[in-house]
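Data from protein-v4.txt: compact mmCIF, C-alpha atoms and all ligand atoms
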```txt
# COMPACT_ATOMS: atom_id res chain seq x y z
CA MET A 1 14.75 -5.18 4.07
CA GLY A 2 17.56 -7.00 2.47
CA GLY A 3 15.81 -9.64 0.43
CA ILE A 4 13.02 -12.11 0.26
CA GLY A 5 14.79 -15.18 1.52
CA GLY A 6 13.67 -17.27 4.42
CA ASP A 7 16.62 -16.13 6.51
CA SER A 8 15.65 -12.51 6.29
CA ALA A 9 12.05 -13.38 7.04
CA ASP A 10 13.15 -15.21 10.17
CA ALA A 11 15.26 -12.26 11.22
CA GLU A 12 12.45 -9.81 10.65
CA THR A 13 9.64 -11.46 12.46
CA GLY A 14 11.14 -14.03 14.75
CA SER A 15 10.51 -17.67 14.07
CA GLY A 16 12.71 -19.14 16.79
CA PRO A 17 11.53 -21.21 19.75
CA GLU A 18 10.12 -18.17 21.59
CA ALA A 19 8.11 -17.09 18.58
CA ARG A 20 6.88 -20.64 18.01
CA ARG A 21 5.81 -20.90 21.67
CA LYS A 22 3.68 -17.76 21.30
CA ARG A 23 2.17 -18.73 17.98
CA PRO A 24 -1.55 -19.54 18.17
CA ALA A 25 -2.58 -23.13 17.82
CA ALA A 26 -4.30 -22.43 14.52
CA ALA A 27 -1.11 -20.97 13.13
CA ARG A 28 0.98 -23.85 14.47
CA SER A 29 -1.26 -26.40 12.85
CA ARG A 30 -1.19 -24.45 9.63
CA GLY A 31 2.58 -24.43 9.85
CA ARG A 32 2.68 -28.22 9.87
CA ARG A 33 0.80 -28.44 6.61
CA GLN A 34 3.78 -28.17 4.34
CA ASP A 35 4.66 -29.80 1.12
CA ARG A 36 8.10 -31.21 0.36
CA ALA A 37 9.31 -27.86 -0.86
CA GLY A 38 8.54 -26.34 2.52
CA GLY A 39 5.49 -24.39 1.45
CA ALA A 40 2.20 -24.31 3.25
CA ARG A 41 -0.82 -26.22 2.05
CA PHE A 42 -3.76 -24.23 3.31
CA ALA A 43 -6.09 -27.15 3.54
CA ARG A 44 -9.46 -27.20 5.23
CA PRO A 45 -10.60 -26.28 7.80
CA ALA A 46 -10.49 -22.73 6.68
CA PHE A 47 -9.27 -19.91 8.89
CA VAL A 48 -11.82 -18.36 11.16
CA VAL A 49 -12.31 -14.70 10.48
CA SER A 50 -12.38 -12.34 13.44
CA ASN A 51 -16.09 -11.64 13.13
CA GLY A 52 -16.87 -15.33 13.47
CA ARG A 53 -17.75 -16.20 9.91
CA GLU A 54 -15.65 -18.84 8.25
CA SER A 55 -13.53 -17.74 5.37
CA ARG A 56 -13.43 -19.47 2.08
CA THR A 57 -10.39 -21.67 1.64
CA SER A 58 -7.71 -21.10 -0.93
CA GLU A 59 -9.38 -23.74 -3.07
CA ASP A 60 -12.67 -21.85 -2.89
CA LYS A 61 -10.79 -18.67 -3.59
CA ASN A 62 -9.31 -20.14 -6.73
CA GLU A 63 -12.80 -20.90 -7.92
CA MET A 64 -13.75 -17.31 -7.24
CA THR A 65 -10.86 -15.84 -9.19
CA GLU A 66 -11.70 -15.31 -12.83
CA ARG A 67 -9.18 -17.29 -14.79
CA SER A 68 -9.00 -15.60 -18.14
CA PHE A 69 -5.54 -15.05 -19.52
CA GLU A 70 -5.95 -11.92 -21.57
CA PRO A 71 -3.14 -9.39 -21.65
CA VAL A 72 -3.95 -5.98 -20.20
CA ALA A 73 -4.48 -3.43 -22.95
CA GLY A 74 -4.40 0.33 -22.63
CA LYS A 75 -2.38 2.96 -20.83
CA SER A 76 -2.17 1.21 -17.45
CA ALA A 77 0.29 -1.35 -18.88
CA TRP A 78 3.08 1.19 -19.34
CA LYS A 79 6.83 0.84 -19.46
CA ARG A 80 9.44 3.49 -18.63
CA VAL A 81 9.58 4.93 -22.13
CA ASP A 82 5.81 5.42 -22.09
CA LEU A 83 5.93 7.52 -18.92
CA GLU A 84 8.83 9.52 -20.33
CA SER A 85 7.01 10.33 -23.56
CA ASP A 86 3.51 10.90 -22.16
CA ALA A 87 2.87 14.18 -20.30
CA SER A 88 -0.74 13.37 -19.42
CA TRP A 89 0.20 12.36 -15.85
CA ARG A 90 2.12 15.56 -15.06
CA PHE A 91 0.18 18.48 -13.60
CA SER A 92 1.12 21.74 -11.94
CA LEU A 93 -0.54 24.25 -9.66
CA ASP A 94 -0.95 27.77 -11.03
CA ARG A 95 -1.70 31.05 -9.28
CA ALA A 96 -5.46 30.42 -9.18
CA HIS A 97 -4.93 27.07 -7.42
CA ILE A 98 -2.55 28.59 -4.87
CA ASP A 99 -4.97 31.46 -4.19
CA GLU A 100 -7.67 28.91 -3.47
CA ILE A 101 -5.35 26.95 -1.15
CA GLU A 102 -4.55 30.12 0.79
CA ALA A 103 -8.23 31.03 1.01
CA LEU A 104 -9.48 27.62 2.10
CA THR A 105 -6.76 27.05 4.70
CA GLY A 106 -7.36 30.52 6.15
CA SER A 107 -11.11 30.08 6.24
CA LEU A 108 -11.04 26.60 7.76
CA ARG A 109 -8.41 27.63 10.33
CA ALA A 110 -10.55 30.62 11.35
CA ARG A 111 -13.52 28.29 11.86
CA GLY A 112 -11.44 25.80 13.84
CA LYS A 113 -11.94 23.05 11.27
CA ARG A 114 -9.21 20.41 10.99
CA PRO A 115 -8.96 17.08 9.15
CA PRO A 116 -10.67 14.66 9.30
CA ALA A 117 -13.64 16.86 10.28
CA ILE A 118 -13.59 18.70 6.94
CA SER A 119 -15.99 17.73 4.17
CA ARG A 120 -16.29 18.98 0.62
CA ASP A 121 -19.18 21.20 1.71
CA ASP A 122 -16.93 23.13 4.10
CA PHE A 123 -15.01 25.05 1.43
CA SER A 124 -15.17 26.17 -2.18
CA ALA A 125 -12.19 25.70 -4.48
CA PRO A 126 -13.48 25.20 -8.05
CA ALA A 127 -10.13 25.45 -9.81
CA LEU A 128 -8.54 22.91 -7.46
CA ALA A 129 -11.55 20.61 -7.79
CA ALA A 130 -11.31 20.73 -11.58
CA LEU A 131 -7.57 20.00 -11.53
CA PHE A 132 -7.91 17.06 -9.15
CA ALA A 133 -10.80 15.65 -11.15
CA ARG A 134 -8.31 15.34 -14.03
CA VAL A 135 -5.71 13.89 -11.64
CA ARG A 136 -8.28 11.34 -10.44
CA ASP A 137 -9.20 10.34 -13.99
CA GLU A 138 -5.55 9.70 -14.86
CA VAL A 139 -4.95 7.66 -11.69
CA GLU A 140 -8.23 5.79 -12.02
CA SER A 141 -8.32 4.92 -15.70
CA GLY A 142 -5.15 6.23 -17.34
CA LEU A 143 -1.54 5.54 -16.45
CA GLY A 144 -2.40 4.94 -12.80
CA VAL A 145 0.01 7.64 -11.64
CA ALA A 146 -0.05 11.41 -11.41
CA ARG A 147 2.43 14.01 -10.25
CA VAL A 148 1.32 17.52 -9.30
CA SER A 149 4.12 20.04 -8.84
CA GLY A 150 4.29 23.63 -7.67
CA PHE A 151 2.82 23.60 -4.16
CA PRO A 152 4.75 26.35 -2.31
CA VAL A 153 4.89 24.33 0.92
CA GLU A 154 7.40 26.67 2.56
CA GLY A 155 4.66 29.30 2.91
CA PHE A 156 2.40 27.08 5.05
CA ASP A 157 2.69 25.57 8.51
CA LEU A 158 2.16 21.84 8.95
CA ALA A 159 -1.44 22.20 10.11
CA ASP A 160 -2.38 24.17 7.00
CA LEU A 161 -0.50 21.70 4.78
CA GLU A 162 -2.58 18.88 6.27
CA THR A 163 -5.74 20.86 5.63
CA ALA A 164 -4.78 21.67 2.03
CA PHE A 165 -3.76 18.08 1.23
CA TRP A 166 -6.91 16.75 2.85
CA ALA A 167 -8.98 19.10 0.67
CA MET A 168 -7.20 17.77 -2.44
CA GLY A 169 -7.74 14.20 -1.26
CA LEU A 170 -11.48 14.76 -0.96
CA SER A 171 -11.52 15.33 -4.73
CA MET A 172 -9.87 11.92 -5.20
CA GLY A 173 -12.22 9.87 -3.01
CA ARG A 174 -12.64 9.03 0.68
CA PRO A 175 -9.56 9.18 2.95
CA VAL A 176 -9.48 6.11 5.23
CA SER A 177 -7.67 4.94 8.35
CA GLN A 178 -4.04 3.98 7.82
CA ASN A 179 -3.36 2.47 11.24
CA SER A 180 -5.10 1.25 14.35
CA ALA A 181 -5.05 4.74 15.82
CA GLY A 182 -7.41 5.68 13.00
CA GLU A 183 -5.07 8.27 11.50
CA ARG A 184 -6.22 9.36 8.05
CA ILE A 185 -3.25 11.63 7.40
CA VAL A 186 0.07 10.11 8.40
CA HIS A 187 3.48 11.75 8.35
CA VAL A 188 6.06 9.64 6.55
CA VAL A 189 9.14 10.36 8.69
CA ASP A 190 11.95 8.32 10.14
CA ARG A 191 11.01 7.47 13.73
CA SER A 192 14.14 5.38 14.24
CA VAL A 193 12.08 2.22 13.96
CA PRO A 194 14.32 -0.61 12.65
CA TYR A 195 12.59 -1.98 9.58
CA ASP A 196 13.61 -5.50 10.57
CA GLN A 197 11.67 -5.11 13.83
CA ALA A 198 8.57 -7.27 13.96
CA ASN A 199 5.40 -5.35 13.03
CA ALA A 200 7.33 -2.23 11.91
CA ARG A 201 5.54 -0.10 9.31
CA GLY A 202 7.70 1.03 6.39
CA TYR A 203 6.63 4.66 6.60
CA THR A 204 8.22 4.97 10.06
CA THR A 205 11.69 3.99 8.83
CA ARG A 206 14.41 5.28 6.53
CA ALA A 207 15.04 1.83 5.05
CA GLU A 208 14.76 0.76 1.45
CA LEU A 209 11.23 -0.37 0.63
CA LEU A 210 11.01 -3.05 -2.05
CA PRO A 211 8.42 -2.75 -4.85
CA HIS A 212 4.96 -3.17 -3.35
CA CYS A 213 1.50 -1.69 -3.31
CA ASP A 214 -0.25 -0.34 -0.24
CA ALA A 215 -2.84 -2.86 0.90
CA GLY A 216 -5.52 -0.57 2.26
CA PRO A 217 -6.51 2.00 -0.33
CA ASP A 218 -7.40 2.23 -4.00
CA PHE A 219 -5.08 5.25 -4.28
CA THR A 220 -2.11 6.46 -2.23
CA GLY A 221 -1.26 10.15 -2.17
CA LEU A 222 1.99 11.74 -1.00
CA LEU A 223 2.87 15.40 -0.48
CA CYS A 224 6.57 16.11 -0.06
CA VAL A 225 7.16 18.72 2.65
CA HIS A 226 10.92 18.18 2.99
CA PRO A 227 13.03 15.90 0.78
CA ALA A 228 15.83 13.81 2.27
CA LYS A 229 19.41 15.04 2.55
CA SER A 230 20.25 12.22 0.16
CA GLY A 231 18.49 9.15 -1.17
CA GLY A 232 14.81 8.38 -0.72
CA GLU A 233 14.17 8.28 -4.47
CA SER A 234 10.84 6.89 -5.56
CA SER A 235 10.45 4.24 -8.25
CA LEU A 236 7.25 3.15 -9.93
CA ALA A 237 6.44 0.19 -12.17
CA SER A 238 3.20 -0.89 -13.80
CA SER A 239 2.01 -4.20 -12.33
CA MET A 240 -0.17 -4.50 -15.44
CA ALA A 241 2.90 -4.44 -17.71
CA ILE A 242 4.55 -6.94 -15.37
CA TYR A 243 1.51 -9.21 -15.67
CA ASN A 244 1.68 -9.00 -19.46
CA GLU A 245 5.35 -9.95 -19.38
CA ILE A 246 4.69 -12.90 -17.08
CA LEU A 247 1.74 -13.99 -19.21
CA SER A 248 3.80 -14.01 -22.37
CA ARG A 249 7.09 -15.42 -21.07
CA HIS A 250 6.56 -17.03 -17.62
CA ARG A 251 2.98 -18.20 -17.65
CA GLY A 252 3.71 -20.98 -15.18
CA ASP A 253 4.15 -18.35 -12.47
CA LEU A 254 0.49 -17.44 -12.64
CA ASP A 255 -0.75 -20.52 -10.74
CA ASP A 256 0.95 -19.37 -7.56
CA LEU A 257 0.20 -15.71 -8.19
CA HIS A 258 -3.52 -16.35 -8.68
CA ARG A 259 -3.57 -18.55 -5.57
CA GLY A 260 -1.92 -15.77 -3.55
CA PHE A 261 -0.49 -15.44 -0.08
CA HIS A 262 -1.47 -14.69 3.46
CA HIS A 263 -0.25 -11.32 4.71
CA ASP A 264 0.76 -10.35 8.21
CA LEU A 265 -1.42 -7.65 9.80
CA ARG A 266 1.47 -6.50 12.01
CA GLY A 267 -0.53 -6.36 15.20
CA GLU A 268 -3.18 -4.08 13.71
CA GLY A 269 -5.92 -6.58 12.91
CA PRO A 270 -9.38 -6.68 14.53
CA THR A 271 -8.42 -9.46 17.00
CA ALA A 272 -5.61 -7.33 18.48
CA SER A 273 -3.35 -10.38 18.21
CA LEU A 274 0.25 -9.77 17.20
CA ASP A 275 0.02 -12.98 15.19
CA GLU A 276 -3.11 -12.14 13.19
CA LEU A 277 -2.84 -12.75 9.46
CA THR A 278 -5.25 -12.11 6.63
CA SER A 279 -8.04 -14.65 7.00
CA HIS A 280 -7.50 -15.88 3.46
CA PRO A 281 -4.74 -15.82 0.84
CA ILE A 282 -4.77 -12.60 -1.16
CA PRO A 283 -4.14 -13.29 -4.88
CA VAL A 284 -1.31 -11.27 -6.39
CA PHE A 285 -3.37 -10.97 -9.55
CA SER A 286 -7.17 -11.04 -9.36
CA ARG A 287 -9.65 -10.46 -12.14
CA CYS A 288 -13.18 -9.25 -11.43
CA GLN A 289 -15.72 -8.54 -14.17
CA GLY A 290 -12.84 -8.73 -16.59
CA VAL A 291 -10.70 -6.10 -14.81
CA LEU A 292 -7.28 -7.22 -13.55
CA SER A 293 -5.91 -5.90 -10.25
CA CYS A 294 -2.68 -6.58 -8.35
CA SER A 295 -1.80 -6.88 -4.65
CA PHE A 296 1.86 -7.42 -3.80
CA ASN A 297 4.00 -6.91 -0.69
CA THR A 298 6.84 -9.32 0.05
CA LYS A 299 7.41 -7.86 3.51
CA SER A 300 3.95 -8.73 4.81
CA ILE A 301 3.93 -12.07 2.95
CA GLU A 302 7.24 -13.12 4.48
CA GLN A 303 6.22 -11.94 7.94
CA ALA A 304 3.09 -14.08 7.60
CA ASN A 305 5.21 -17.03 6.49
CA ALA A 306 7.48 -16.59 9.50
CA LYS A 307 4.56 -16.41 11.93
CA MET A 308 3.08 -19.58 10.41
CA GLY A 309 6.46 -21.33 10.38
CA THR A 310 6.31 -21.76 6.62
CA ASP A 311 8.30 -20.55 3.66
CA TYR A 312 7.79 -20.05 -0.03
CA THR A 313 7.69 -23.11 -2.20
CA ALA A 314 10.29 -23.11 -4.94
CA THR A 315 7.73 -22.04 -7.51
CA GLN A 316 6.30 -19.34 -5.23
CA ARG A 317 9.76 -17.92 -4.66
CA ALA A 318 10.48 -17.88 -8.38
CA ALA A 319 7.20 -16.09 -9.11
CA VAL A 320 7.75 -13.49 -6.39
CA ASP A 321 11.34 -12.91 -7.48
CA ARG A 322 10.09 -12.48 -11.05
CA ILE A 323 7.87 -9.61 -10.01
CA LEU A 324 10.61 -7.95 -7.97
CA ASP A 325 13.10 -8.32 -10.83
CA LEU A 326 10.70 -6.91 -13.40
CA ALA A 327 9.69 -4.00 -11.13
CA ARG A 328 13.38 -3.07 -10.84
CA ASP A 329 14.18 -3.65 -14.51
CA PRO A 330 15.09 -0.31 -16.15
CA ALA A 331 12.72 -1.10 -19.00
CA PHE A 332 9.78 -1.23 -16.57
CA ARG A 333 10.91 1.10 -13.76
CA TYR A 334 10.42 4.85 -13.70
CA ASP A 335 12.53 6.75 -11.13
CA MET A 336 11.68 10.10 -9.67
CA VAL A 337 13.08 12.30 -6.93
CA PHE A 338 10.63 14.15 -4.71
CA GLU A 339 11.12 17.89 -4.49
CA ALA A 340 9.46 20.00 -1.81
CA GLY A 341 5.90 20.67 -2.97
CA ASP A 342 5.61 17.60 -5.20
CA ILE A 343 2.40 15.59 -4.92
CA GLN A 344 2.13 12.01 -6.17
CA PHE A 345 -0.92 9.82 -6.46
CA VAL A 346 -0.75 6.16 -7.54
CA ASN A 347 -3.36 3.51 -8.21
CA ASN A 348 -2.38 0.59 -5.98
CA HIS A 349 -4.19 -1.93 -8.17
CA THR A 350 -2.06 -1.18 -11.23
CA VAL A 351 1.20 0.37 -9.97
CA LEU A 352 3.98 -0.87 -7.65
CA HIS A 353 6.04 1.68 -5.77
CA SER A 354 9.36 1.47 -3.97
CA ARG A 355 11.67 3.81 -2.11
CA GLY A 356 15.43 3.96 -1.73
CA ALA A 357 17.04 4.17 1.70
CA TYR A 358 17.75 7.74 2.70
CA GLU A 359 19.90 9.94 4.89
CA ASP A 360 18.34 12.76 6.87
CA HIS A 361 19.51 16.25 7.71
CA ASP A 362 20.66 16.72 11.31
CA GLU A 363 18.20 19.54 12.04
CA PRO A 364 14.80 18.08 13.04
CA GLU A 365 12.90 20.73 11.05
CA ARG A 366 14.75 19.77 7.84
CA ARG A 367 14.24 16.02 8.07
CA ARG A 368 12.46 14.21 5.26
CA ARG A 369 8.72 14.51 5.73
CA LEU A 370 5.90 13.44 3.44
CA LEU A 371 2.21 13.59 4.19
CA ARG A 372 0.31 10.49 3.09
CA LEU A 373 -3.35 9.86 2.30
CA TRP A 374 -5.00 6.52 1.66
CA ILE A 375 -7.95 7.06 -0.63
CA VAL A 376 -10.82 4.65 -1.21
CA ARG A 377 -12.90 5.11 -4.33
CA PRO A 378 -14.97 1.99 -5.01
CA GLU A 379 -16.17 3.37 -8.36
CA CYS A 380 -12.62 3.11 -9.69
CA ARG A 381 -12.89 -0.64 -10.40
CA PRO A 382 -14.67 -3.80 -9.29
CA LEU A 383 -12.75 -6.03 -6.90
CA ASP A 384 -13.44 -9.59 -5.76
CA PRO A 385 -14.72 -9.14 -2.17
CA LEU A 386 -12.05 -11.40 -0.67
CA PHE A 387 -9.29 -9.82 -2.75
CA ALA A 388 -10.46 -6.44 -1.44
CA ASP A 389 -10.47 -7.56 2.23
CA ARG A 390 -6.86 -6.92 3.25
CA PHE A 391 -7.23 -6.27 6.99
CA ASN A 392 -10.03 -8.70 7.98
CA THR A 393 -12.36 -5.71 8.06
CA GLY A 394 -14.29 -6.40 4.86
CA PRO A 395 -13.80 -5.18 1.31
CA ARG A 396 -11.93 -1.86 1.23
CA GLY A 397 -12.37 -1.75 5.01
CA GLY A 398 -9.00 -0.22 5.88
CA VAL A 399 -7.21 -0.82 9.18
CA ALA A 400 -9.42 -1.54 12.18
CA ARG A 401 -9.53 1.41 14.55
CA ARG A 402 -8.43 0.70 18.09
CA ASP A 403 -11.29 2.92 19.37
CA ASP A 404 -13.81 0.77 17.54
CA LEU A 405 -12.51 -2.34 19.23
CA GLY A 406 -13.21 -0.96 22.68
CA ARG A 407 -9.82 -2.01 23.94
CA SER A 408 -6.20 -1.13 23.39
CA LEU A 409 -4.09 -3.13 21.03
CA PRO A 410 -0.80 -4.48 22.29
CA GLY A 411 2.40 -3.92 20.37
CA LEU A 412 1.30 -0.99 18.25
CA SER A 413 3.85 0.33 15.81
CA ALA A 414 5.36 3.66 16.72
CA ALA A 415 3.34 5.29 13.98
CA ALA A 416 0.11 4.24 15.56
CA THR A 417 0.81 5.67 18.98
FE FE B 501 3.88 1.94 0.29
```

Starting from the coordinates I provided, produce the structure as structure tokens.
Ligand SMILES: [Fe+2]
Amino acid sequence: MGGIGGDSADAETGSGPEARRKRPAAARSRGRRQDRAGGARFARPAFVVSNGRESRTSEDKNEMTERSFEPVAGKSAWKRVDLESDASWRFSLDRAHIDEIEALTGSLRARGKRPPAISRDDFSAPALAALFARVRDEVESGLGVARVSGFPVEGFDLADLETAFWAMGLSMGRPVSQNSAGERIVHVVDRSVPYDQANARGYTTRAELLPHCDAGPDFTGLLCVHPAKSGGESSLASSMAIYNEILSRHRGDLDDLHRGFHHDLRGEGPTASLDELTSHPIPVFSRCQGVLSCSFNTKSIEQANAKMGTDYTATQRAAVDRILDLARDPAFRYDMVFEAGDIQFVNNHTVLHSRGAYEDHDEPERRRRLLRLWIVRPECRPLDPLFADRFNTGPRGGVARRDDLGRSLPGLSAAAT
């Protein structure tokens, strides 16, 4: 993805005559409601949600969003120097943990148990559970990021790695569906899907991924099985520190950021329509019971804009660019390179992540491969119900499963097939 401009959005999702012809009537009518700056006015009537209930409009949503303007205090609003000087987010596996991993994978394999049909009652790993309880606390209420090193991945086959990572994930919360196939562990590998292809998912490409948070889960977990031949570096930035910066120096941006944006569901929404968008704008910053949370992804915002035939207003573009610029500012950004056996968990409500483009090894068995979990843990923080409904499946509902719909979805991404 080369940028956030309207041209790139058009190129990514198709907004030419063919795309306009296919666009649903509701989307076409929405597309006509534009102000002089070219931005959409999401006036009544509100969008109709897939389950038949009418969504609240953006105006209603604004009323729902708590509008206090307090800076975020505490560890979650970190800058690069804070992560460099604070070791509380770095963990490592010792011999006792590895012994437990070997024991649980062997036992579960012998009993024919595979994710997702493994629960916490199916194995005993007290040292691992204690370690990941600390990891969870740091991700949930500390810096919002944790790195666990020292998993000897080369000694395990892929099936046992999935089992071991699943077991760790169960200590973090509830793994949920990441695509319409209902996959709860996905392999982040390059499947030669062009990232500028409509409805492409970033984890199926080798392209650069701009700073964003994953829409579905409270936490995202990654286990690096093979690093890239070159590139693929990971960068993190605290969206809470970014909020504080905007609050103190660019407060005018917050109107648009509180109002939010529709996001494209990339053909994986409950209606099975390739044009389905979130039924309501998702605020970039939302406060619930005094707790601030962030949701930000320019790719899905711009794809939604293209499908509606709209574009950012000038002030929306400035606000979005501000977040991207701050997330890439060396004062805010923390870079890391994944080594084989590294595990990373991030809190999507407080941390933005990005990835550099990468080059793979020629041998298929050496190509970059990460396992990914999406973890839901409602206890981690309160969320406004609409802010938490990212896939038209209800708060923290994850991606609708194709099986649950009783029909096949057209145009699934490669990852979902
Ligand atoms: Fe992501």

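The smallest atom-to-atom distance between ligand FE 501 (chain B) and any of A:Ser273, A:Gln178, A:Ser248, A:Ser286, using all atoms listed in the file, is found for A:Gln178.
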
Per-residue nearest contacts chain A to ligand FE 501 (chain B), cut-off 12 Å, using only C-alpha atoms and all ligand atoms, as a tab-separated table:
```
residue	atom	partner	partner_atom	distance
A:Gln178	CA	B:FE501	FE	11.1
A:Val188	CA	B:FE501	FE	10.2
A:Arg201	CA	B:FE501	FE	9.4
A:Gly202	CA	B:FE501	FE	7.3
A:Tyr203	CA	B:FE501	FE	7.4
A:Thr204	CA	B:FE501	FE	11.1
A:Thr205	CA	B:FE501	FE	11.8
A:Glu208	CA	B:FE501	FE	11.0
A:Leu209	CA	B:FE501	FE	7.7
A:Leu210	CA	B:FE501	FE	9.0
A:Pro211	CA	B:FE501	FE	8.3
A:His212	CA	B:FE501	FE	6.4
A:Cys213	CA	B:FE501	FE	5.6
A:Asp214	CA	B:FE501	FE	4.7
A:Ala215	CA	B:FE501	FE	8.3
A:Gly216	CA	B:FE501	FE	9.9
A:Pro217	CA	B:FE501	FE	10.4
A:Phe219	CA	B:FE501	FE	10.6
A:Thr220	CA	B:FE501	FE	7.9
A:Gly221	CA	B:FE501	FE	10.0
A:Leu222	CA	B:FE501	FE	10.1
A:Ser234	CA	B:FE501	FE	10.4
A:Ser235	CA	B:FE501	FE	11.0
A:Leu236	CA	B:FE501	FE	10.8
A:Ser295	CA	B:FE501	FE	11.6
A:Phe296	CA	B:FE501	FE	10.4
A:Asn297	CA	B:FE501	FE	8.9
A:Thr298	CA	B:FE501	FE	11.6
A:Lys299	CA	B:FE501	FE	10.9
A:Ser300	CA	B:FE501	FE	11.6
A:Phe345	CA	B:FE501	FE	11.4
A:Val346	CA	B:FE501	FE	10.0
A:Asn347	CA	B:FE501	FE	11.3
A:Asn348	CA	B:FE501	FE	9.0
A:Val351	CA	B:FE501	FE	10.7
A:Leu352	CA	B:FE501	FE	8.4
A:His353	CA	B:FE501	FE	6.4
A:Ser354	CA	B:FE501	FE	7.0
A:Arg355	CA	B:FE501	FE	8.4
A:Gly356	CA	B:FE501	FE	11.9
A:Arg372	CA	B:FE501	FE	9.7
A:Leu373	CA	B:FE501	FE	10.9
A:Trp374	CA	B:FE501	FE	10.1
```

Could you make a table, as JSON lines, of the residues of range 171-254 of chain A that have an atom within 9 Å of an atom of range 72-85 of chain A, each with its nearest atom pair and distance in Å to one decimal, counting all atoms listed in the file, in chain and number order?
```
{"residue": "A:Leu236", "atom": "CA", "partner": "A:Arg80", "partner_atom": "CA", "distance": 9.0}
{"residue": "A:Ala237", "atom": "CA", "partner": "A:Lys79", "partner_atom": "CA", "distance": 7.3}
{"residue": "A:Ser238", "atom": "CA", "partner": "A:Ala77", "partner_atom": "CA", "distance": 5.9}
{"residue": "A:Ser239", "atom": "CA", "partner": "A:Ala77", "partner_atom": "CA", "distance": 7.3}
{"residue": "A:Met240", "atom": "CA", "partner": "A:Ala77", "partner_atom": "CA", "distance": 4.7}
{"residue": "A:Ala241", "atom": "CA", "partner": "A:Ala77", "partner_atom": "CA", "distance": 4.2}
{"residue": "A:Ile242", "atom": "CA", "partner": "A:Ala77", "partner_atom": "CA", "distance": 7.9}
{"residue": "A:Tyr243", "atom": "CA", "partner": "A:Val72", "partner_atom": "CA", "distance": 7.8}
{"residue": "A:Asn244", "atom": "CA", "partner": "A:Val72", "partner_atom": "CA", "distance": 6.4}
```

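Proximity to Gln303 in chain A was assessed for A:Asn392, A:Ser180, A:Thr278, A:Gln316 counting only C-alpha atoms; the smallest distance is recorded for A:Thr278.
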
List the spatial neighbours of Lys113 in chain A as a PDB file with C-alpha atoms, in the coordinates of the input - criterion: any atom at most 12 Å away, only C-alpha atoms, same-chain residues fewer than 4 positions off excluded.
```
ATOM      1  CA  LEU A 104      -9.480  27.620   2.100  1.00  0.00           C
ATOM      2  CA  THR A 105      -6.760  27.050   4.700  1.00  0.00           C
ATOM      3  CA  GLY A 106      -7.360  30.520   6.150  1.00  0.00           C
ATOM      4  CA  SER A 107     -11.110  30.080   6.240  1.00  0.00           C
ATOM      5  CA  LEU A 108     -11.040  26.600   7.760  1.00  0.00           C
ATOM      6  CA  ARG A 109      -8.410  27.630  10.330  1.00  0.00           C
ATOM      7  CA  ALA A 117     -13.640  16.860  10.280  1.00  0.00           C
ATOM      8  CA  ILE A 118     -13.590  18.700   6.940  1.00  0.00           C
ATOM      9  CA  SER A 119     -15.990  17.730   4.170  1.00  0.00           C
ATOM     10  CA  ASP A 122     -16.930  23.130   4.100  1.00  0.00           C
ATOM     11  CA  PHE A 123     -15.010  25.050   1.430  1.00  0.00           C
ATOM     12  CA  ALA A 159      -1.440  22.200  10.110  1.00  0.00           C
ATOM     13  CA  ASP A 160      -2.380  24.170   7.000  1.00  0.00           C
ATOM     14  CA  GLU A 162      -2.580  18.880   6.270  1.00  0.00           C
ATOM     15  CA  THR A 163      -5.740  20.860   5.630  1.00  0.00           C
ATOM     16  CA  ALA A 164      -4.780  21.670   2.030  1.00  0.00           C
ATOM     17  CA  TRP A 166      -6.910  16.750   2.850  1.00  0.00           C
ATOM     18  CA  ALA A 167      -8.980  19.100   0.670  1.00  0.00           C
TER      19      ALA A 167
END
```

Exercise for the section: Give me the residues within 9 Å of range 88-97 of chain A as a ChimeraX atom specification, counting all atoms listed in the file and dropping any in the same chain fewer than 6 places off. Expected result: /A:125-128,131,135,138-139,142-151

Handout entry: From A:Ile301, A:Ala103, A:Ala133, A:Leu223, residue lying nearest Arg369 in chain A [all atoms listed in the file]
Key =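 Using all atoms listed in the file, the shortest distance to Arg369 in chain A belongs to A:Leu223.
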
Find the residues of range 311-380 of chain A that sit at most 12 Å from range 253-266 of chain A; for each, write down the nearest two atoms and how far apart they are in Å, to one decimal. Count only C-alpha atoms. Sort by chain, then by number going up, and give it as CSV.
```
residue,atom,partner,partner_atom,distance
A:Asp311,CA,A:Phe261,CA,10.8
A:Tyr312,CA,A:Phe261,CA,9.5
A:Thr313,CA,A:Asp256,CA,9.4
A:Ala314,CA,A:Asp256,CA,10.4
A:Thr315,CA,A:Asp253,CA,7.1
A:Gln316,CA,A:Asp256,CA,5.8
A:Arg317,CA,A:Asp256,CA,9.4
A:Ala318,CA,A:Asp253,CA,7.6
A:Ala319,CA,A:Asp253,CA,5.1
A:Val320,CA,A:Leu257,CA,8.1
A:Asp321,CA,A:Asp253,CA,10.3
A:Arg322,CA,A:Asp253,CA,8.5
A:Ile323,CA,A:Asp253,CA,9.8
```

Handout entry: Atom-to-atom span, CA of Val225 in chain A and CA of Ala340 in chain A, Å
Key = 5.2 Å

Handout entry: Residue neighbourhood Pro395 in chain A, 8 Å, all atoms listed in the file, exclusion window fewer than 3 positions, as a PyMOL selection string
Key = chain A and resi 385-390

Practice task
Would you mind telling me which residue in A:Ser171, A:Thr310, A:Ser230, A:Thr271 lies nearest to Thr393 in chain A when using all atoms listed in the file?
Solution key: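 That would be A:Thr271, the residue with the smallest distance to Thr393 in chain A.
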